Amino acid sequence: MTGKIIKGIGGFYYVVCENGITYECKAKGVFRNRKIKPLVGDNVEIEILDEEKNLGNIEDILPRFNWLNRPAVANVDQTVIIFAVSAPAPNFNLLDRFLINMEQHEVPTVICFNKVDLEGFRQSEDICRSYTKSGYEVLFISAESGYGIDVLEAVIKGKTTVFAGPSGVGKSSTLNSLFPDANVQTGGLSEKIQRGKHTTRHSELMFVDDDTYIMDTPGFSSLYTEEIEAEDLKLYFPEIAAYTGTCKFNMCNHISEPGCLVKKAVSDGRISKMRYDDYVMIYNELKEKRKW
Ligand SMILES: Nc1nc2c(ncn2[C@@H]2O[C@H](COP(=O)(O)OP(=O)(O)OP(=O)(O)O)[C@@H](O)[C@H]2O)c(=O)[nH]1
Ligand SMILES: [Zn+2]
């Protein structure tokens with residue numbers, strides 16, 4: 001039988017199968033020789049050992065189409081990154097770093113700006129909207145008033161979505177308005193939300209309905225753990241990557257080379273100046289790092 005790992009604790013994996021039953025499994029399959037560890041989100045082949053107690057054994061891990069380190073999860077259709085338009089004001093630099101990370105792992109990202117009911121929205125609206133120019137889907141919502149929640153609901157339907165966002169942006173409120181009675185289906189999404197910060201949290205996919213799964217990630221401070229070569233950074237800004245091979249120099253890094261079409265696009269307003277400035281800042285950081 002095939003199923004999906006939704007949780008892994010202490011050597012046990014919880015696998016939801018096509019029949020809707022969750023089996024508690026150990027991993028003793030042949031894949032162990034291949035030195036891969038099962039991840040939450042993995043689609044697996046299981047052998048059922050005990051129908052009554054719902055026990056099984058993971059026999060094989062089906063190929064992954066992507067995976068993330070933090071949170072550790074495989075086969076992610078998308079991430080929804082939540083920021084507030086105000087209170088707290090969006091940290092666009094943090095957003096850009098998050099987006100790089102997702103591009104690196106080839107996980108599509110939907111950017112969701114919450115708290116549009118607040119006055120402060122006017123100050124950040126234009127920059128928030130400019131992310132569509134970078135190629136991202138941008139949603140505006142208010143968990144408080146319910147504005148846009150239906151659109152977000154449609155975005156996550158039938159997909160496996162990782163929710164991320166810095167503290168205080170209203171991620172929990174958003175999840176609660178999406179799934180007001182989630183604990184019925186997920187075995188305690190709202191309970192989980194209320195448990196707060198002091199509980200050790202492990203990655204866990206929550207089954208919403210047919211083919212719809214979500215994962216809530218607590219905070220995301222340790223973003224920049226993976227190595228990137230400065231010269232590869234341009235690949236992870238979609239609006240910059242679009243210019244690959246078009247500048248005067250084929251290997252142009254779009255920093256200070258003559259005949260750079262990216263710099264021209266920035267001065268013409270086709271590429272966001274703020275995004276480009278973040279690109280240059282991070283590029284220089286990566287260059288500096290290499291000297292050490
Ligand atoms: N005005 C307004 N306030 C909101 C909205 N959504 C959430 N808030 C408020 O923002 C604060 C933070 O909301 P939470 O849902 O706890 O935020 P969180 O992102 O889960 O924060 P952490 O628990 O720290 O990770 C709370 O006081 C909420 O009432 C919204 O759409 N509009
Ligand atoms: Zn260039």
# chains A, B, ... in the order shown; residues from 1 in each chain; ligands from 1
call {"tool": "residues_around", "arguments": {"residues": "stretch 22-39 of chain A", "least_positions_apart": "3", "cutoff": "10 Å", "atoms": "only C-alpha atoms", "output": "ChimeraX atom specification"}}
result
/A:3-8,10-19,42-51,53-62,64,67-69,72-75,203
call {"tool": "write_last_selection", "arguments": {"atoms": "C-alpha atoms", "output": "compact mmCIF listing (two decimals), in the first residue's frame"}}
result
# COMPACT_ATOMS: atom_id res chain seq x y z
CA GLY A 3 0.87 6.45 1.70
CA LYS A 4 2.42 9.68 2.87
CA ILE A 5 4.50 10.23 5.99
CA ILE A 6 2.85 12.98 8.02
CA LYS A 7 4.89 12.74 11.19
CA GLY A 8 8.09 11.16 12.45
CA GLY A 10 11.51 8.61 17.83
CA GLY A 11 11.98 6.15 14.99
CA PHE A 12 8.26 5.85 14.26
CA TYR A 13 6.68 7.23 11.15
CA TYR A 14 2.99 7.92 10.80
CA VAL A 15 1.80 7.10 7.31
CA VAL A 16 -1.60 8.12 5.96
CA CYS A 17 -2.68 5.64 3.32
CA GLU A 18 -5.15 5.78 0.47
CA ASN A 19 -7.72 4.06 2.66
CA ASP A 42 7.69 11.31 1.61
CA ASN A 43 5.42 9.04 -0.36
CA VAL A 44 6.18 5.52 0.76
CA GLU A 45 5.35 1.95 0.09
CA ILE A 46 4.33 0.15 3.27
CA GLU A 47 3.67 -3.37 4.31
CA ILE A 48 0.86 -3.71 6.82
CA LEU A 49 1.90 -5.79 9.81
CA ASP A 50 -1.18 -5.51 11.97
CA GLU A 51 -4.56 -4.39 10.63
CA LYS A 53 -3.35 -1.96 15.68
CA ASN A 54 -2.56 -0.12 12.43
CA LEU A 55 1.09 -1.09 12.45
CA GLY A 56 3.27 -1.26 9.38
CA ASN A 57 6.72 -1.23 7.94
CA ILE A 58 8.08 1.21 5.39
CA GLU A 59 9.39 -0.83 2.48
CA ASP A 60 10.39 1.87 0.05
CA ILE A 61 10.55 5.61 -0.41
CA LEU A 62 9.17 6.84 -3.72
CA ARG A 64 11.06 12.99 -4.13
CA TRP A 67 12.83 18.68 -0.17
CA LEU A 68 13.63 21.30 2.43
CA ASN A 69 16.06 21.18 5.35
CA ALA A 72 12.68 18.84 7.14
CA VAL A 73 10.02 17.94 4.61
CA ALA A 74 9.84 16.38 1.16
CA ASN A 75 7.55 16.90 -1.83
CA SER A 203 7.77 18.75 11.56
call {"tool": "closest_atom_pairs", "arguments": {"of": "chain A", "to": "ligand 1", "cutoff": "6 Å", "atoms": "only C-alpha atoms and all ligand atoms", "output": "CSV"}}
result
residue,atom,partner,partner_atom_place_in_ligand_line,distance
A:Asn114,CA,ligand 1,31 (O),5.3
A:Lys115,CA,ligand 1,31 (O),3.5
A:Asp117,CA,ligand 1,32 (N),5.7
A:Leu118,CA,ligand 1,1 (N),5.5
A:Ser142,CA,ligand 1,31 (O),3.5
A:Ala143,CA,ligand 1,31 (O),3.8
A:Glu144,CA,ligand 1,31 (O),4.0
A:Ser167,CA,ligand 1,24 (O),3.7
A:Gly168,CA,ligand 1,21 (O),3.6
A:Val169,CA,ligand 1,19 (O),4.0
A:Gly170,CA,ligand 1,17 (O),3.2
A:Lys171,CA,ligand 1,19 (O),3.7
A:Ser172,CA,ligand 1,20 (O),3.6
A:Ser173,CA,ligand 1,15 (O),3.7
call {"tool": "select_by_dssp", "arguments": {"residues": "stretch 32-166 of chain A", "states": "strand (DSSP E or B)", "output": "ChimeraX atom specification"}}
result
/A:43-50,55-61,67-68,73-74,78-84,109-114,137-140,160-164
call {"tool": "write_last_selection", "arguments": {"atoms": "N, CA and C atoms", "output": "compact mmCIF listing (two decimals), in the first residue's frame"}}
result
# COMPACT_ATOMS: atom_id res chain seq x y z
N ASN A 43 6.38 10.07 0.03
CA ASN A 43 5.42 9.04 -0.36
C ASN A 43 6.13 7.71 -0.24
N VAL A 44 5.50 6.79 0.46
CA VAL A 44 6.18 5.52 0.76
C VAL A 44 5.29 4.33 0.44
N GLU A 45 5.98 3.25 0.29
CA GLU A 45 5.35 1.95 0.09
C GLU A 45 5.39 1.26 1.46
N ILE A 46 4.25 0.84 1.97
CA ILE A 46 4.33 0.15 3.27
C ILE A 46 3.74 -1.26 3.20
N GLU A 47 4.25 -2.05 4.12
CA GLU A 47 3.67 -3.37 4.31
C GLU A 47 2.90 -3.31 5.62
N ILE A 48 1.65 -3.77 5.60
CA ILE A 48 0.86 -3.71 6.82
C ILE A 48 1.15 -4.94 7.67
N LEU A 49 1.53 -4.69 8.93
CA LEU A 49 1.90 -5.79 9.81
C LEU A 49 0.73 -6.20 10.70
N ASP A 50 -0.07 -5.22 11.07
CA ASP A 50 -1.18 -5.51 11.97
C ASP A 50 -2.35 -4.58 11.63
N LEU A 55 -0.37 -1.10 12.46
CA LEU A 55 1.09 -1.09 12.45
C LEU A 55 1.60 -1.51 11.07
N GLY A 56 2.72 -0.91 10.68
CA GLY A 56 3.27 -1.26 9.38
C GLY A 56 4.77 -1.10 9.33
N ASN A 57 5.29 -1.36 8.16
CA ASN A 57 6.72 -1.23 7.94
C ASN A 57 6.93 -0.50 6.61
N ILE A 58 7.81 0.49 6.64
CA ILE A 58 8.08 1.21 5.39
C ILE A 58 9.05 0.38 4.55
N GLU A 59 8.60 0.04 3.36
CA GLU A 59 9.39 -0.83 2.48
C GLU A 59 10.23 -0.03 1.50
N ASP A 60 9.67 1.09 1.06
CA ASP A 60 10.39 1.87 0.05
C ASP A 60 9.94 3.32 0.10
N ILE A 61 10.87 4.18 -0.31
CA ILE A 61 10.55 5.61 -0.41
C ILE A 61 10.45 5.94 -1.89
N TRP A 67 12.80 18.85 -1.62
CA TRP A 67 12.83 18.68 -0.17
C TRP A 67 13.42 19.94 0.43
N LEU A 68 13.07 20.18 1.69
CA LEU A 68 13.63 21.30 2.43
C LEU A 68 14.36 20.76 3.65
N VAL A 73 11.25 18.41 5.26
CA VAL A 73 10.02 17.94 4.61
C VAL A 73 10.30 17.71 3.13
N ALA A 74 9.65 16.70 2.58
CA ALA A 74 9.84 16.38 1.16
C ALA A 74 8.55 16.63 0.39
N GLN A 78 4.38 23.98 -2.49
CA GLN A 78 4.59 25.43 -2.38
C GLN A 78 4.79 25.82 -0.93
N THR A 79 5.39 26.99 -0.75
CA THR A 79 5.36 27.60 0.58
C THR A 79 4.50 28.85 0.49
N VAL A 80 3.80 29.12 1.57
CA VAL A 80 3.13 30.40 1.71
C VAL A 80 3.90 31.15 2.79
N ILE A 81 4.51 32.25 2.39
CA ILE A 81 5.26 33.04 3.35
C ILE A 81 4.39 34.23 3.76
N ILE A 82 4.17 34.34 5.05
CA ILE A 82 3.28 35.40 5.54
C ILE A 82 4.09 36.52 6.19
N PHE A 83 3.82 37.73 5.77
CA PHE A 83 4.33 38.93 6.42
C PHE A 83 3.13 39.81 6.72
N ALA A 84 3.30 40.74 7.64
CA ALA A 84 2.23 41.72 7.89
C ALA A 84 2.56 42.97 7.08
N THR A 109 6.82 29.79 -4.29
CA THR A 109 6.39 30.54 -3.11
C THR A 109 5.27 31.52 -3.44
N VAL A 110 4.27 31.52 -2.58
CA VAL A 110 3.21 32.52 -2.65
C VAL A 110 3.45 33.48 -1.47
N ILE A 111 3.48 34.76 -1.77
CA ILE A 111 3.73 35.73 -0.69
C ILE A 111 2.39 36.29 -0.23
N CYS A 112 2.18 36.19 1.07
CA CYS A 112 0.89 36.56 1.61
C CYS A 112 1.08 37.70 2.61
N PHE A 113 0.51 38.86 2.30
CA PHE A 113 0.62 40.00 3.22
C PHE A 113 -0.67 40.11 4.03
N ASN A 114 -0.50 39.97 5.33
CA ASN A 114 -1.65 39.99 6.24
C ASN A 114 -1.83 41.38 6.87
N GLU A 137 3.39 35.16 -6.92
CA GLU A 137 1.98 35.40 -6.65
C GLU A 137 1.90 36.11 -5.30
N VAL A 138 1.20 37.23 -5.27
CA VAL A 138 1.11 38.02 -4.04
C VAL A 138 -0.35 38.10 -3.62
N LEU A 139 -0.61 37.73 -2.37
CA LEU A 139 -1.98 37.81 -1.84
C LEU A 139 -2.03 38.84 -0.72
N PHE A 140 -3.15 39.51 -0.62
CA PHE A 140 -3.38 40.43 0.49
C PHE A 140 -4.55 39.90 1.29
N THR A 160 0.38 20.39 -1.10
CA THR A 160 1.11 20.32 0.16
C THR A 160 1.82 21.66 0.32
N THR A 161 1.44 22.38 1.37
CA THR A 161 1.91 23.75 1.55
C THR A 161 2.60 23.91 2.89
N VAL A 162 3.77 24.51 2.87
CA VAL A 162 4.46 24.85 4.11
C VAL A 162 4.18 26.32 4.41
N PHE A 163 3.69 26.59 5.61
CA PHE A 163 3.44 27.97 6.04
C PHE A 163 4.61 28.47 6.86
N ALA A 164 5.11 29.63 6.49
CA ALA A 164 6.22 30.21 7.25
C ALA A 164 5.95 31.69 7.45
call {"tool": "closest_atom_pairs", "arguments": {"of": "chain A", "to": "ligand 2", "cutoff": "8 Å", "atoms": "only C-alpha atoms and all ligand atoms", "output": "Markdown table"}}
result
| residue | atom | partner | partner_atom_place_in_ligand_line | distance |
| --- | --- | --- | --- | --- |
| A:Tyr243 | CA | ligand 2 | 1 (Zn) | 7.3 |
| A:Thr244 | CA | ligand 2 | 1 (Zn) | 7.9 |
| A:Thr246 | CA | ligand 2 | 1 (Zn) | 7.4 |
| A:Cys247 | CA | ligand 2 | 1 (Zn) | 4.8 |
| A:Lys248 | CA | ligand 2 | 1 (Zn) | 7.2 |
| A:Phe249 | CA | ligand 2 | 1 (Zn) | 7.2 |
| A:Met251 | CA | ligand 2 | 1 (Zn) | 8.0 |
| A:Cys252 | CA | ligand 2 | 1 (Zn) | 4.5 |
| A:Asn253 | CA | ligand 2 | 1 (Zn) | 5.5 |
| A:His254 | CA | ligand 2 | 1 (Zn) | 3.5 |
| A:Ile255 | CA | ligand 2 | 1 (Zn) | 7.0 |
| A:Glu257 | CA | ligand 2 | 1 (Zn) | 6.6 |
| A:Pro258 | CA | ligand 2 | 1 (Zn) | 7.9 |
| A:Gly259 | CA | ligand 2 | 1 (Zn) | 7.0 |
| A:Cys260 | CA | ligand 2 | 1 (Zn) | 3.6 |
| A:Leu261 | CA | ligand 2 | 1 (Zn) | 5.2 |
| A:Val262 | CA | ligand 2 | 1 (Zn) | 5.0 |
| A:Lys263 | CA | ligand 2 | 1 (Zn) | 6.5 |
call {"tool": "write_last_selection", "arguments": {"atoms": "N, CA and C atoms", "output": "mmCIF file, in the first residue's frame"}}
result
data_model
loop_
_atom_site.group_PDB
_atom_site.id
_atom_site.type_symbol
_atom_site.label_atom_id
_atom_site.label_comp_id
_atom_site.auth_asym_id
_atom_site.auth_seq_id
_atom_site.Cartn_x
_atom_site.Cartn_y
_atom_site.Cartn_z
ATOM 1 N N TYR A 243 17.383 37.491 -17.223
ATOM 2 C CA TYR A 243 18.344 38.186 -18.095
ATOM 3 C C TYR A 243 19.610 37.370 -18.371
ATOM 4 N N THR A 244 19.618 36.130 -17.908
ATOM 5 C CA THR A 244 20.803 35.292 -18.098
ATOM 6 C C THR A 244 21.234 35.275 -19.573
ATOM 7 N N THR A 246 22.000 37.727 -21.523
ATOM 8 C CA THR A 246 21.596 38.836 -22.393
ATOM 9 C C THR A 246 22.499 40.072 -22.264
ATOM 10 N N CYS A 247 23.278 40.141 -21.189
ATOM 11 C CA CYS A 247 24.129 41.327 -20.993
ATOM 12 C C CYS A 247 25.331 41.266 -21.931
ATOM 13 N N LYS A 248 26.094 42.372 -21.967
ATOM 14 C CA LYS A 248 27.260 42.434 -22.844
ATOM 15 C C LYS A 248 28.225 41.277 -22.539
ATOM 16 N N PHE A 249 28.469 41.070 -21.247
ATOM 17 C CA PHE A 249 29.310 39.933 -20.866
ATOM 18 C C PHE A 249 28.424 38.752 -20.517
ATOM 19 N N MET A 251 28.954 36.227 -18.734
ATOM 20 C CA MET A 251 28.989 35.810 -17.325
ATOM 21 C C MET A 251 28.641 36.963 -16.377
ATOM 22 N N CYS A 252 27.988 37.973 -16.884
ATOM 23 C CA CYS A 252 27.698 39.191 -16.108
ATOM 24 C C CYS A 252 27.043 38.862 -14.762
ATOM 25 N N ASN A 253 27.584 39.434 -13.694
ATOM 26 C CA ASN A 253 26.956 39.282 -12.383
ATOM 27 C C ASN A 253 26.057 40.466 -12.055
ATOM 28 N N HIS A 254 25.932 41.348 -12.983
ATOM 29 C CA HIS A 254 25.019 42.493 -12.853
ATOM 30 C C HIS A 254 25.387 43.409 -11.684
ATOM 31 N N ILE A 255 26.675 43.544 -11.436
ATOM 32 C CA ILE A 255 27.102 44.409 -10.326
ATOM 33 C C ILE A 255 27.629 45.736 -10.889
ATOM 34 N N GLU A 257 29.483 45.635 -14.152
ATOM 35 C CA GLU A 257 29.943 45.363 -15.505
ATOM 36 C C GLU A 257 29.292 46.342 -16.486
ATOM 37 N N PRO A 258 30.033 46.760 -17.520
ATOM 38 C CA PRO A 258 29.411 47.621 -18.526
ATOM 39 C C PRO A 258 28.426 46.833 -19.391
ATOM 40 N N GLY A 259 27.454 47.537 -19.947
ATOM 41 C CA GLY A 259 26.478 46.895 -20.847
ATOM 42 C C GLY A 259 25.588 45.898 -20.136
ATOM 43 N N CYS A 260 25.262 46.195 -18.864
ATOM 44 C CA CYS A 260 24.432 45.260 -18.087
ATOM 45 C C CYS A 260 22.953 45.606 -18.253
ATOM 46 N N LEU A 261 22.212 44.663 -18.786
ATOM 47 C CA LEU A 261 20.784 44.911 -19.030
ATOM 48 C C LEU A 261 19.946 44.865 -17.754
ATOM 49 N N VAL A 262 20.464 44.168 -16.743
ATOM 50 C CA VAL A 262 19.744 44.141 -15.465
ATOM 51 C C VAL A 262 19.775 45.537 -14.848
ATOM 52 N N LYS A 263 20.968 46.147 -14.865
ATOM 53 C CA LYS A 263 21.071 47.501 -14.303
ATOM 54 C C LYS A 263 20.187 48.470 -15.087
#
call {"tool": "residues_around", "arguments": {"residues": "stretch 266-271 of chain A", "least_positions_apart": "5", "cutoff": "8 Å", "atoms": "only C-alpha atoms", "output": "PyMOL selection string"}}
result
chain A and resi 133-134+239-240+276
call {"tool": "closest_residue", "arguments": {"among": "A:Thr174, A:Ser256, A:Asn66, A:Thr2", "to": "A:Val107", "atoms": "only C-alpha atoms"}}
result
A:Asn66
